[in-house]
Amino acid sequence: MRAARLIRMVLLLQSRPRMTAAELAGELGVSERTVARDAEALSEAGIPVYAERGGAGGYALVGGYRTGLTGLAPEEAQALFLSGVPGALREMGLGEAASAARLKVSAALAPPVREASRAVGGRFHLDAPAWYTRPEAPELLAPLAEAVWDDRRVAATYRRGDREVSRELEPYGLVLKAGVWYLCARADGAGQARVYRVDRFTGVREPGTRFARDTGFDLAEFWRARAEEFARSLLREEIRLRLSPAGAGKLPRVTDPRAAREALEAAGWREDATEWVEDVVLPVESLEVAFDQLLGLGPEAEVVAPPWLRERLGEAARRMAGLYG
């Protein structure tokens, strides 16, 4: 959190002609010794912080220095204000902090850029949860978020099936996927990170110890790999199809998109094809799921194998013909 403290120190000095070490320490919640170290770090970074000793001394910015963020272009300010997810921040207990931060950034922007950032809220809104669900913030999301921020271990209990398990976790990051929160963490200080659904945690306690974060850990890349691995793990069976050109084009929309594209490519399908595609081998989650999915293709798909799925779809087709004559 030191970077945030340094920025706040500059903003404090920018708002007042001079502040004593005691005043800065009180505002920042640190010791006067830390204030002195932070002032030295700012000076080394090119921020002209001047320290004057004595009873009337203190810290000040030389020559009316101001950090107004005026170097932001309008499109950069728009991207900055688009990057927040208000609902997610509220669920993590950071709603008020995010609102205050936006106000501070807005106040520091030059007028033309300020207007550009304000326009974003009226034009773009991110609605993360999926349709037909009522999103509710998991009860233990906030303490897990605090542990993620501070690199603190947590002693957690977690529902796994019909039983509870206890683990000491090193929480590396949180992911919001279609309205569901997931924690990426290492269990018991060893092995690779795993994924835990936050709404399945039944207890979270901080032992008070920190862990040394692996600087090579990339949350976005870790989640991408785990999500792909999870999606593939669901596809446990295979079916064989014939597809019309229209059916081939629709297949990625009714089944797993990646699996459908790979199956079509392996069968030699091209987007400009005018003939039926033969021998499409498609991985599916189960034959029951495949039945529901392929009904959406109607007469544009023929199941070659397995026989059970072919017979089930044939029966459905006969029943539909009876209904519609």
# chains A, B, ... in the order shown; residues from 1 in each chain; ligands from 1
>>> residues_around(residues="Ala147 (chain A)", least_positions_apart="3", cutoff="12 Å", atoms="only C-alpha atoms", output="ChimeraX atom specification")
/A:92,140-144,150-156,169-174,183-185,204-211
>>> write_last_selection(atoms="N, CA, C and O atoms", output="compact mmCIF listing (two decimals), in the first residue's frame")
# COMPACT_ATOMS: atom_id res chain seq x y z
N MET A 92 -17.01 -6.09 -2.27
CA MET A 92 -15.76 -6.29 -1.55
C MET A 92 -15.59 -5.31 -0.40
O MET A 92 -14.55 -5.28 0.26
N LEU A 140 -18.67 -13.87 3.13
CA LEU A 140 -17.27 -13.79 3.53
C LEU A 140 -16.37 -13.18 2.46
O LEU A 140 -15.15 -13.30 2.52
N LEU A 141 -16.98 -12.50 1.47
CA LEU A 141 -16.17 -11.89 0.42
C LEU A 141 -15.28 -10.77 0.96
O LEU A 141 -14.10 -10.69 0.61
N ALA A 142 -15.82 -9.90 1.80
CA ALA A 142 -15.05 -8.75 2.28
C ALA A 142 -13.79 -9.16 3.05
O ALA A 142 -12.70 -8.65 2.75
N PRO A 143 -13.87 -10.08 4.03
CA PRO A 143 -12.63 -10.47 4.72
C PRO A 143 -11.63 -11.17 3.79
O PRO A 143 -10.41 -11.01 3.98
N LEU A 144 -12.12 -11.91 2.81
CA LEU A 144 -11.19 -12.53 1.86
C LEU A 144 -10.51 -11.47 1.01
O LEU A 144 -9.32 -11.56 0.70
N ASP A 150 -3.71 -7.54 1.55
CA ASP A 150 -2.60 -7.45 2.49
C ASP A 150 -1.67 -8.65 2.47
O ASP A 150 -0.75 -8.73 3.28
N ASP A 151 -1.89 -9.60 1.54
CA ASP A 151 -1.05 -10.81 1.48
C ASP A 151 -1.03 -11.53 2.83
O ASP A 151 0.02 -11.90 3.34
N ARG A 152 -2.22 -11.74 3.41
CA ARG A 152 -2.30 -12.40 4.71
C ARG A 152 -2.93 -13.78 4.57
O ARG A 152 -3.89 -13.96 3.84
N ARG A 153 -2.36 -14.74 5.26
CA ARG A 153 -2.94 -16.09 5.26
C ARG A 153 -4.29 -16.07 5.96
O ARG A 153 -4.55 -15.26 6.84
N VAL A 154 -5.15 -17.01 5.55
CA VAL A 154 -6.44 -17.18 6.23
C VAL A 154 -6.62 -18.64 6.58
O VAL A 154 -6.22 -19.54 5.82
N ALA A 155 -7.20 -18.87 7.75
CA ALA A 155 -7.63 -20.21 8.13
C ALA A 155 -9.09 -20.30 7.77
O ALA A 155 -9.92 -19.56 8.31
N ALA A 156 -9.43 -21.17 6.83
CA ALA A 156 -10.78 -21.17 6.26
C ALA A 156 -11.42 -22.54 6.36
O ALA A 156 -10.74 -23.58 6.32
N LEU A 169 -4.97 -21.01 3.79
CA LEU A 169 -4.83 -20.57 2.40
C LEU A 169 -3.97 -19.32 2.30
O LEU A 169 -3.99 -18.45 3.19
N GLU A 170 -3.23 -19.24 1.20
CA GLU A 170 -2.54 -18.02 0.82
C GLU A 170 -3.33 -17.42 -0.34
O GLU A 170 -3.25 -17.88 -1.48
N PRO A 171 -4.17 -16.41 -0.07
CA PRO A 171 -5.07 -15.87 -1.10
C PRO A 171 -4.36 -14.94 -2.07
O PRO A 171 -3.87 -13.88 -1.68
N TYR A 172 -4.31 -15.34 -3.34
CA TYR A 172 -3.59 -14.57 -4.36
C TYR A 172 -4.49 -13.60 -5.11
O TYR A 172 -4.03 -12.56 -5.57
N GLY A 173 -5.76 -13.93 -5.31
CA GLY A 173 -6.60 -13.03 -6.08
C GLY A 173 -8.05 -13.47 -6.10
O GLY A 173 -8.37 -14.62 -5.78
N LEU A 174 -8.91 -12.52 -6.46
CA LEU A 174 -10.35 -12.78 -6.60
C LEU A 174 -10.77 -12.55 -8.04
O LEU A 174 -10.28 -11.63 -8.70
N LEU A 183 -12.09 -17.43 -5.45
CA LEU A 183 -10.80 -17.11 -4.84
C LEU A 183 -9.73 -18.01 -5.43
O LEU A 183 -9.90 -19.23 -5.48
N CYS A 184 -8.63 -17.42 -5.86
CA CYS A 184 -7.46 -18.18 -6.33
C CYS A 184 -6.44 -18.17 -5.20
O CYS A 184 -5.98 -17.10 -4.79
N ALA A 185 -6.10 -19.35 -4.68
CA ALA A 185 -5.26 -19.41 -3.49
C ALA A 185 -4.44 -20.69 -3.48
O ALA A 185 -4.79 -21.68 -4.12
N VAL A 204 -13.89 -17.80 7.91
CA VAL A 204 -12.60 -17.23 7.53
C VAL A 204 -12.01 -16.53 8.75
O VAL A 204 -12.66 -15.68 9.36
N ARG A 205 -10.80 -16.92 9.10
CA ARG A 205 -10.11 -16.29 10.23
C ARG A 205 -8.68 -16.00 9.80
O ARG A 205 -8.05 -16.80 9.13
N GLU A 206 -8.17 -14.84 10.21
CA GLU A 206 -6.79 -14.47 9.87
C GLU A 206 -5.86 -14.84 11.02
O GLU A 206 -6.01 -14.30 12.12
N PRO A 207 -4.91 -15.74 10.79
CA PRO A 207 -3.93 -16.05 11.84
C PRO A 207 -3.01 -14.86 12.14
O PRO A 207 -2.31 -14.86 13.14
N GLY A 208 -3.02 -13.85 11.24
CA GLY A 208 -2.19 -12.67 11.46
C GLY A 208 -0.84 -12.72 10.79
O GLY A 208 -0.02 -11.81 10.95
N THR A 209 -0.56 -13.80 10.05
CA THR A 209 0.75 -13.94 9.41
C THR A 209 0.65 -13.61 7.93
O THR A 209 -0.35 -13.90 7.27
N ARG A 210 1.69 -13.01 7.42
CA ARG A 210 1.76 -12.70 5.99
C ARG A 210 2.48 -13.82 5.25
O ARG A 210 3.21 -14.61 5.85
N PHE A 211 2.26 -13.86 3.94
CA PHE A 211 3.00 -14.81 3.11
C PHE A 211 3.75 -14.04 2.03
O PHE A 211 3.39 -12.91 1.70
>>> select_by_dssp(residues="region 110-312 of chain A", states="strand (DSSP E or B)", output="short mmCIF file (atom, residue, chain, number, x, y, z; two decimals) with C-alpha atoms, in the first residue's frame")
data_model
loop_
_atom_site.label_atom_id
_atom_site.label_comp_id
_atom_site.auth_asym_id
_atom_site.auth_seq_id
_atom_site.Cartn_x
_atom_site.Cartn_y
_atom_site.Cartn_z
CA ARG A 152 -2.30 -12.40 4.71
CA VAL A 154 -6.44 -17.18 6.23
CA ALA A 155 -7.63 -20.21 8.13
CA ALA A 156 -10.78 -21.17 6.26
CA THR A 157 -13.54 -23.75 6.35
CA TYR A 158 -15.07 -24.66 3.00
CA ARG A 159 -18.04 -26.78 1.87
CA ARG A 160 -17.01 -29.64 -0.38
CA ARG A 163 -18.82 -32.14 4.21
CA GLU A 164 -16.64 -29.26 5.40
CA VAL A 165 -12.87 -29.12 5.05
CA SER A 166 -10.39 -26.83 6.79
CA ARG A 167 -7.44 -25.27 5.01
CA GLU A 168 -4.84 -22.59 5.62
CA LEU A 169 -4.83 -20.57 2.40
CA GLU A 170 -2.54 -18.02 0.82
CA PRO A 171 -5.07 -15.87 -1.10
CA TYR A 172 -3.59 -14.57 -4.36
CA GLY A 173 -6.60 -13.03 -6.08
CA LEU A 174 -10.35 -12.78 -6.60
CA VAL A 175 -12.19 -13.28 -9.88
CA LEU A 176 -15.80 -12.31 -10.67
CA LYS A 177 -17.18 -14.60 -13.38
CA VAL A 180 -20.00 -15.64 -9.15
CA TRP A 181 -16.92 -14.84 -7.05
CA TYR A 182 -13.92 -17.19 -7.01
CA LEU A 183 -10.80 -17.11 -4.84
CA CYS A 184 -7.46 -18.18 -6.33
CA ALA A 185 -5.26 -19.41 -3.49
CA ARG A 186 -2.54 -21.82 -2.49
CA ALA A 187 -3.52 -24.35 0.17
CA ARG A 194 -6.41 -23.68 -6.82
CA VAL A 195 -9.82 -22.11 -7.37
CA TYR A 196 -12.46 -21.90 -4.62
CA ARG A 197 -16.03 -20.58 -4.91
CA PHE A 201 -16.72 -20.61 2.47
CA THR A 202 -18.34 -21.08 5.88
CA GLY A 203 -15.62 -19.48 8.01
CA VAL A 204 -12.60 -17.23 7.53
CA ARG A 205 -10.11 -16.29 10.23
CA ARG A 210 1.76 -12.70 5.99
CA GLU A 237 -18.09 -38.15 -24.18
CA GLU A 238 -17.91 -37.99 -27.98
CA ILE A 239 -20.58 -38.04 -30.68
CA ARG A 240 -20.30 -38.28 -34.46
CA LEU A 241 -22.31 -35.96 -36.72
CA ARG A 242 -23.16 -34.97 -40.28
CA LEU A 243 -23.88 -31.27 -40.63
CA VAL A 277 -19.77 -31.90 -43.56
CA GLU A 278 -19.12 -35.58 -42.89
CA ASP A 279 -17.54 -37.27 -39.87
CA VAL A 280 -17.60 -34.42 -37.33
CA VAL A 281 -16.37 -35.87 -34.01
CA LEU A 282 -17.61 -33.60 -31.24
CA PRO A 283 -16.74 -33.84 -27.51
CA VAL A 284 -19.81 -33.26 -25.32
CA ALA A 301 -27.67 -32.06 -38.14
CA GLU A 302 -27.73 -35.86 -38.28
CA VAL A 303 -26.30 -37.97 -35.48
CA VAL A 304 -24.31 -40.91 -36.87
CA ALA A 305 -23.26 -42.31 -33.48
#
>>> select_by_dssp(residues="region 124-235 of chain A", states="alpha helix (DSSP H)", output="list in words")
Leu141, Ala142, Pro143, Leu144, Ala145, Glu146, Ala147, Val148, Trp149, Asp150, Leu219, Ala220, Glu221, Phe222, Trp223, Arg224, Ala225, Arg226, Ala227, Glu228, Glu229, Phe230, Ala231, Arg232, Ser233 and Leu234 of chain A
>>> write_last_selection(atoms="N, CA, C and O atoms", output="mmCIF file, in the first residue's frame")
data_model
loop_
_atom_site.group_PDB
_atom_site.id
_atom_site.type_symbol
_atom_site.label_atom_id
_atom_site.label_comp_id
_atom_site.auth_asym_id
_atom_site.auth_seq_id
_atom_site.Cartn_x
_atom_site.Cartn_y
_atom_site.Cartn_z
ATOM 1 N N LEU A 141 -16.978 -12.499 1.471
ATOM 2 C CA LEU A 141 -16.170 -11.888 0.416
ATOM 3 C C LEU A 141 -15.279 -10.774 0.962
ATOM 4 O O LEU A 141 -14.096 -10.694 0.610
ATOM 5 N N ALA A 142 -15.823 -9.898 1.799
ATOM 6 C CA ALA A 142 -15.050 -8.746 2.284
ATOM 7 C C ALA A 142 -13.790 -9.155 3.049
ATOM 8 O O ALA A 142 -12.703 -8.648 2.752
ATOM 9 N N PRO A 143 -13.871 -10.080 4.033
ATOM 10 C CA PRO A 143 -12.631 -10.473 4.717
ATOM 11 C C PRO A 143 -11.630 -11.170 3.794
ATOM 12 O O PRO A 143 -10.413 -11.013 3.976
ATOM 13 N N LEU A 144 -12.117 -11.914 2.812
ATOM 14 C CA LEU A 144 -11.192 -12.531 1.856
ATOM 15 C C LEU A 144 -10.509 -11.467 1.005
ATOM 16 O O LEU A 144 -9.317 -11.564 0.699
ATOM 17 N N ALA A 145 -11.271 -10.434 0.610
ATOM 18 C CA ALA A 145 -10.679 -9.345 -0.173
ATOM 19 C C ALA A 145 -9.599 -8.623 0.630
ATOM 20 O O ALA A 145 -8.540 -8.270 0.099
ATOM 21 N N GLU A 146 -9.854 -8.398 1.925
ATOM 22 C CA GLU A 146 -8.848 -7.749 2.766
ATOM 23 C C GLU A 146 -7.575 -8.591 2.839
ATOM 24 O O GLU A 146 -6.462 -8.065 2.798
ATOM 25 N N ALA A 147 -7.747 -9.906 2.955
ATOM 26 C CA ALA A 147 -6.587 -10.794 3.017
ATOM 27 C C ALA A 147 -5.808 -10.772 1.702
ATOM 28 O O ALA A 147 -4.569 -10.807 1.695
ATOM 29 N N VAL A 148 -6.527 -10.699 0.570
ATOM 30 C CA VAL A 148 -5.865 -10.615 -0.735
ATOM 31 C C VAL A 148 -5.052 -9.335 -0.827
ATOM 32 O O VAL A 148 -3.901 -9.330 -1.279
ATOM 33 N N TRP A 149 -5.642 -8.208 -0.408
ATOM 34 C CA TRP A 149 -4.941 -6.920 -0.473
ATOM 35 C C TRP A 149 -3.653 -6.941 0.343
ATOM 36 O O TRP A 149 -2.621 -6.413 -0.077
ATOM 37 N N ASP A 150 -3.714 -7.542 1.550
ATOM 38 C CA ASP A 150 -2.597 -7.448 2.490
ATOM 39 C C ASP A 150 -1.669 -8.650 2.465
ATOM 40 O O ASP A 150 -0.752 -8.734 3.283
ATOM 41 N N LEU A 219 -2.428 -13.473 -12.348
ATOM 42 C CA LEU A 219 -3.806 -13.880 -12.055
ATOM 43 C C LEU A 219 -4.611 -14.098 -13.330
ATOM 44 O O LEU A 219 -5.342 -15.088 -13.455
ATOM 45 N N ALA A 220 -4.498 -13.158 -14.292
ATOM 46 C CA ALA A 220 -5.287 -13.280 -15.518
ATOM 47 C C ALA A 220 -4.916 -14.539 -16.296
ATOM 48 O O ALA A 220 -5.786 -15.267 -16.787
ATOM 49 N N GLU A 221 -3.616 -14.826 -16.397
ATOM 50 C CA GLU A 221 -3.172 -16.009 -17.131
ATOM 51 C C GLU A 221 -3.564 -17.285 -16.385
ATOM 52 O O GLU A 221 -3.988 -18.276 -16.991
ATOM 53 N N PHE A 222 -3.452 -17.258 -15.050
ATOM 54 C CA PHE A 222 -3.842 -18.419 -14.248
ATOM 55 C C PHE A 222 -5.321 -18.725 -14.444
ATOM 56 O O PHE A 222 -5.706 -19.871 -14.653
ATOM 57 N N TRP A 223 -6.159 -17.679 -14.413
ATOM 58 C CA TRP A 223 -7.602 -17.900 -14.560
ATOM 59 C C TRP A 223 -7.928 -18.398 -15.963
ATOM 60 O O TRP A 223 -8.760 -19.289 -16.124
ATOM 61 N N ARG A 224 -7.281 -17.834 -16.977
ATOM 62 C CA ARG A 224 -7.540 -18.272 -18.354
ATOM 63 C C ARG A 224 -7.237 -19.764 -18.493
ATOM 64 O O ARG A 224 -8.025 -20.528 -19.063
ATOM 65 N N ALA A 225 -6.081 -20.186 -17.955
ATOM 66 C CA ALA A 225 -5.686 -21.591 -18.081
ATOM 67 C C ALA A 225 -6.635 -22.508 -17.300
ATOM 68 O O ALA A 225 -7.035 -23.567 -17.795
ATOM 69 N N ARG A 226 -7.029 -22.081 -16.094
ATOM 70 C CA ARG A 226 -7.915 -22.921 -15.291
ATOM 71 C C ARG A 226 -9.311 -22.987 -15.903
ATOM 72 O O ARG A 226 -9.970 -24.034 -15.878
ATOM 73 N N ALA A 227 -9.792 -21.867 -16.434
ATOM 74 C CA ALA A 227 -11.114 -21.862 -17.054
ATOM 75 C C ALA A 227 -11.145 -22.779 -18.270
ATOM 76 O O ALA A 227 -12.108 -23.527 -18.488
ATOM 77 N N GLU A 228 -10.079 -22.742 -19.057
ATOM 78 C CA GLU A 228 -10.009 -23.614 -20.245
ATOM 79 C C GLU A 228 -9.924 -25.077 -19.818
ATOM 80 O O GLU A 228 -10.583 -25.952 -20.393
ATOM 81 N N GLU A 229 -9.124 -25.344 -18.794
ATOM 82 C CA GLU A 229 -8.984 -26.710 -18.289
ATOM 83 C C GLU A 229 -10.311 -27.233 -17.747
ATOM 84 O O GLU A 229 -10.691 -28.382 -17.978
ATOM 85 N N PHE A 230 -11.043 -26.359 -17.025
ATOM 86 C CA PHE A 230 -12.335 -26.761 -16.465
ATOM 87 C C PHE A 230 -13.336 -27.057 -17.577
ATOM 88 O O PHE A 230 -14.057 -28.058 -17.532
ATOM 89 N N ALA A 231 -13.373 -26.182 -18.590
ATOM 90 C CA ALA A 231 -14.325 -26.380 -19.689
ATOM 91 C C ALA A 231 -14.048 -27.699 -20.407
ATOM 92 O O ALA A 231 -14.979 -28.442 -20.752
ATOM 93 N N ARG A 232 -12.775 -28.021 -20.615
ATOM 94 C CA ARG A 232 -12.428 -29.267 -21.299
ATOM 95 C C ARG A 232 -12.754 -30.485 -20.432
ATOM 96 O O ARG A 232 -13.125 -31.543 -20.942
ATOM 97 N N SER A 233 -12.595 -30.325 -19.103
ATOM 98 C CA SER A 233 -12.848 -31.467 -18.211
ATOM 99 C C SER A 233 -14.312 -31.887 -18.219
ATOM 100 O O SER A 233 -14.648 -33.019 -17.862
ATOM 101 N N LEU A 234 -15.199 -30.960 -18.606
ATOM 102 C CA LEU A 234 -16.630 -31.285 -18.645
ATOM 103 C C LEU A 234 -16.998 -32.156 -19.843
ATOM 104 O O LEU A 234 -18.033 -32.821 -19.838
#
>>> closest_residue(among="A:Val198, A:Asp188, A:Gly216, A:Gly161", to="Ala137 (chain A)", atoms="only C-alpha atoms")
A:Val198
>>> residues_around(residues="Leu294 (chain A)", least_positions_apart="2", cutoff="9 Å", atoms="only C-alpha atoms", output="list of chain:residue names")
A:Leu251, A:Val254, A:Thr255, A:Val289, A:Ala290, A:Phe291, A:Asp292, A:Gly296, A:Leu297, A:Gly298, A:Ala301, A:Glu302, A:Val303, A:Leu313
>>> write_last_selection(atoms="N, CA and C atoms", output="tab-separated table (two decimals), in the first residue's frame")
chain	number	residue	atom	x	y	z
A	251	LEU	N	-23.29	-24.66	-35.13
A	251	LEU	CA	-22.81	-25.59	-34.10
A	251	LEU	C	-22.09	-24.88	-32.93
A	254	VAL	N	-24.56	-23.58	-30.22
A	254	VAL	CA	-25.41	-24.45	-29.40
A	254	VAL	C	-24.60	-25.43	-28.55
A	255	THR	N	-23.29	-25.56	-28.84
A	255	THR	CA	-22.43	-26.44	-28.04
A	255	THR	C	-21.22	-25.63	-27.58
A	289	VAL	N	-27.06	-33.98	-22.39
A	289	VAL	CA	-26.80	-32.57	-22.74
A	289	VAL	C	-26.74	-32.41	-24.25
A	290	ALA	N	-26.08	-33.36	-24.92
A	290	ALA	CA	-25.99	-33.29	-26.39
A	290	ALA	C	-27.36	-33.35	-27.03
A	291	PHE	N	-28.25	-34.16	-26.48
A	291	PHE	CA	-29.62	-34.25	-27.01
A	291	PHE	C	-30.30	-32.89	-26.96
A	292	ASP	N	-30.24	-32.23	-25.82
A	292	ASP	CA	-30.85	-30.90	-25.69
A	292	ASP	C	-30.23	-29.90	-26.65
A	296	GLY	N	-31.66	-27.95	-31.04
A	296	GLY	CA	-31.63	-26.60	-31.58
A	296	GLY	C	-31.20	-26.52	-33.02
A	297	LEU	N	-30.56	-27.57	-33.53
A	297	LEU	CA	-30.13	-27.58	-34.93
A	297	LEU	C	-31.18	-28.19	-35.85
A	298	GLY	N	-32.17	-28.91	-35.27
A	298	GLY	CA	-33.24	-29.47	-36.09
A	298	GLY	C	-32.71	-30.33	-37.21
A	301	ALA	N	-28.68	-31.15	-38.69
A	301	ALA	CA	-27.67	-32.06	-38.14
A	301	ALA	C	-28.22	-33.47	-38.09
A	302	GLU	N	-27.37	-34.45	-38.40
A	302	GLU	CA	-27.73	-35.86	-38.28
A	302	GLU	C	-26.71	-36.54	-37.39
A	303	VAL	N	-27.18	-37.21	-36.35
A	303	VAL	CA	-26.30	-37.97	-35.48
A	303	VAL	C	-26.00	-39.31	-36.13
A	313	LEU	N	-33.13	-38.75	-30.83
A	313	LEU	CA	-33.47	-37.61	-31.68
A	313	LEU	C	-34.49	-38.00	-32.73
>>> atom_distance(atom1="CA of Arg2 (chain A)", atom2="CA of Glu52 (chain A)")
23.3 Å
>>> closest_residue(among="A:Ala317, A:Ala246, A:Pro299, A:Asp218", to="Asp272 (chain A)", atoms="only C-alpha atoms")
A:Ala246
>>> atom_distance(atom1="CA of Lys250 (chain A)", atom2="CA of Trp269 (chain A)")
12.8 Å
>>> atom_distance(atom1="CA of Met19 (chain A)", atom2="CA of Gly58 (chain A)")
5.3 Å
>>> closest_residue(among="A:Arg270, A:Pro306, A:Met9, A:Gly191", to="Asp38 (chain A)", atoms="only C-alpha atoms")
A:Met9
>>> decode(residues="region 267-285 of chain A", atoms="N, CA, C and O atoms", output="compact mmCIF listing (two decimals), in the first residue's frame")
# COMPACT_ATOMS: atom_id res chain seq x y z
N ALA A 267 -12.62 -31.83 -39.32
CA ALA A 267 -13.41 -32.47 -40.38
C ALA A 267 -13.23 -31.78 -41.72
O ALA A 267 -13.82 -32.20 -42.72
N GLY A 268 -12.41 -30.72 -41.75
CA GLY A 268 -12.12 -30.04 -43.01
C GLY A 268 -13.17 -29.03 -43.44
O GLY A 268 -13.22 -28.66 -44.62
N TRP A 269 -14.01 -28.56 -42.52
CA TRP A 269 -15.06 -27.61 -42.88
C TRP A 269 -14.49 -26.23 -43.16
O TRP A 269 -13.55 -25.78 -42.49
N ARG A 270 -15.05 -25.55 -44.15
CA ARG A 270 -14.71 -24.16 -44.45
C ARG A 270 -15.99 -23.34 -44.44
O ARG A 270 -17.08 -23.86 -44.74
N GLU A 271 -15.88 -22.07 -44.10
CA GLU A 271 -17.07 -21.22 -43.98
C GLU A 271 -17.82 -21.07 -45.30
O GLU A 271 -19.01 -20.80 -45.31
N ASP A 272 -17.10 -21.21 -46.43
CA ASP A 272 -17.75 -21.06 -47.73
C ASP A 272 -18.24 -22.40 -48.30
O ASP A 272 -18.62 -22.49 -49.47
N ALA A 273 -18.22 -23.46 -47.46
CA ALA A 273 -18.61 -24.79 -47.93
C ALA A 273 -20.10 -24.81 -48.27
O ALA A 273 -20.91 -24.17 -47.62
N THR A 274 -20.45 -25.57 -49.32
CA THR A 274 -21.85 -25.70 -49.75
C THR A 274 -22.36 -27.13 -49.60
O THR A 274 -23.55 -27.38 -49.82
N GLU A 275 -21.47 -28.06 -49.23
CA GLU A 275 -21.86 -29.47 -49.07
C GLU A 275 -21.96 -29.81 -47.58
O GLU A 275 -21.42 -29.12 -46.72
N TRP A 276 -22.64 -30.90 -47.29
CA TRP A 276 -22.71 -31.37 -45.91
C TRP A 276 -21.31 -31.77 -45.43
O TRP A 276 -20.49 -32.29 -46.20
N VAL A 277 -21.06 -31.53 -44.17
CA VAL A 277 -19.77 -31.90 -43.56
C VAL A 277 -19.92 -33.28 -42.94
O VAL A 277 -20.81 -33.52 -42.12
N GLU A 278 -19.05 -34.20 -43.36
CA GLU A 278 -19.12 -35.58 -42.89
C GLU A 278 -18.13 -35.80 -41.73
O GLU A 278 -17.11 -35.13 -41.63
N ASP A 279 -18.46 -36.76 -40.90
CA ASP A 279 -17.54 -37.27 -39.87
C ASP A 279 -17.03 -36.17 -38.93
O ASP A 279 -15.83 -36.00 -38.75
N VAL A 280 -17.96 -35.42 -38.34
CA VAL A 280 -17.60 -34.42 -37.33
C VAL A 280 -17.64 -35.10 -35.96
O VAL A 280 -18.70 -35.52 -35.50
N VAL A 281 -16.47 -35.23 -35.33
CA VAL A 281 -16.37 -35.87 -34.01
C VAL A 281 -16.35 -34.77 -32.96
O VAL A 281 -15.39 -34.00 -32.85
N LEU A 282 -17.42 -34.71 -32.16
CA LEU A 282 -17.61 -33.60 -31.24
C LEU A 282 -17.59 -34.07 -29.78
O LEU A 282 -18.41 -34.90 -29.39
N PRO A 283 -16.69 -33.54 -28.95
CA PRO A 283 -16.74 -33.84 -27.51
C PRO A 283 -17.94 -33.13 -26.88
O PRO A 283 -18.21 -31.97 -27.19
N VAL A 284 -18.64 -33.84 -25.99
CA VAL A 284 -19.81 -33.26 -25.32
C VAL A 284 -19.75 -33.61 -23.84
O VAL A 284 -19.05 -34.54 -23.41
N GLU A 285 -20.53 -32.85 -23.06
CA GLU A 285 -20.55 -33.07 -21.61
C GLU A 285 -21.19 -34.42 -21.29
O GLU A 285 -20.70 -35.17 -20.45
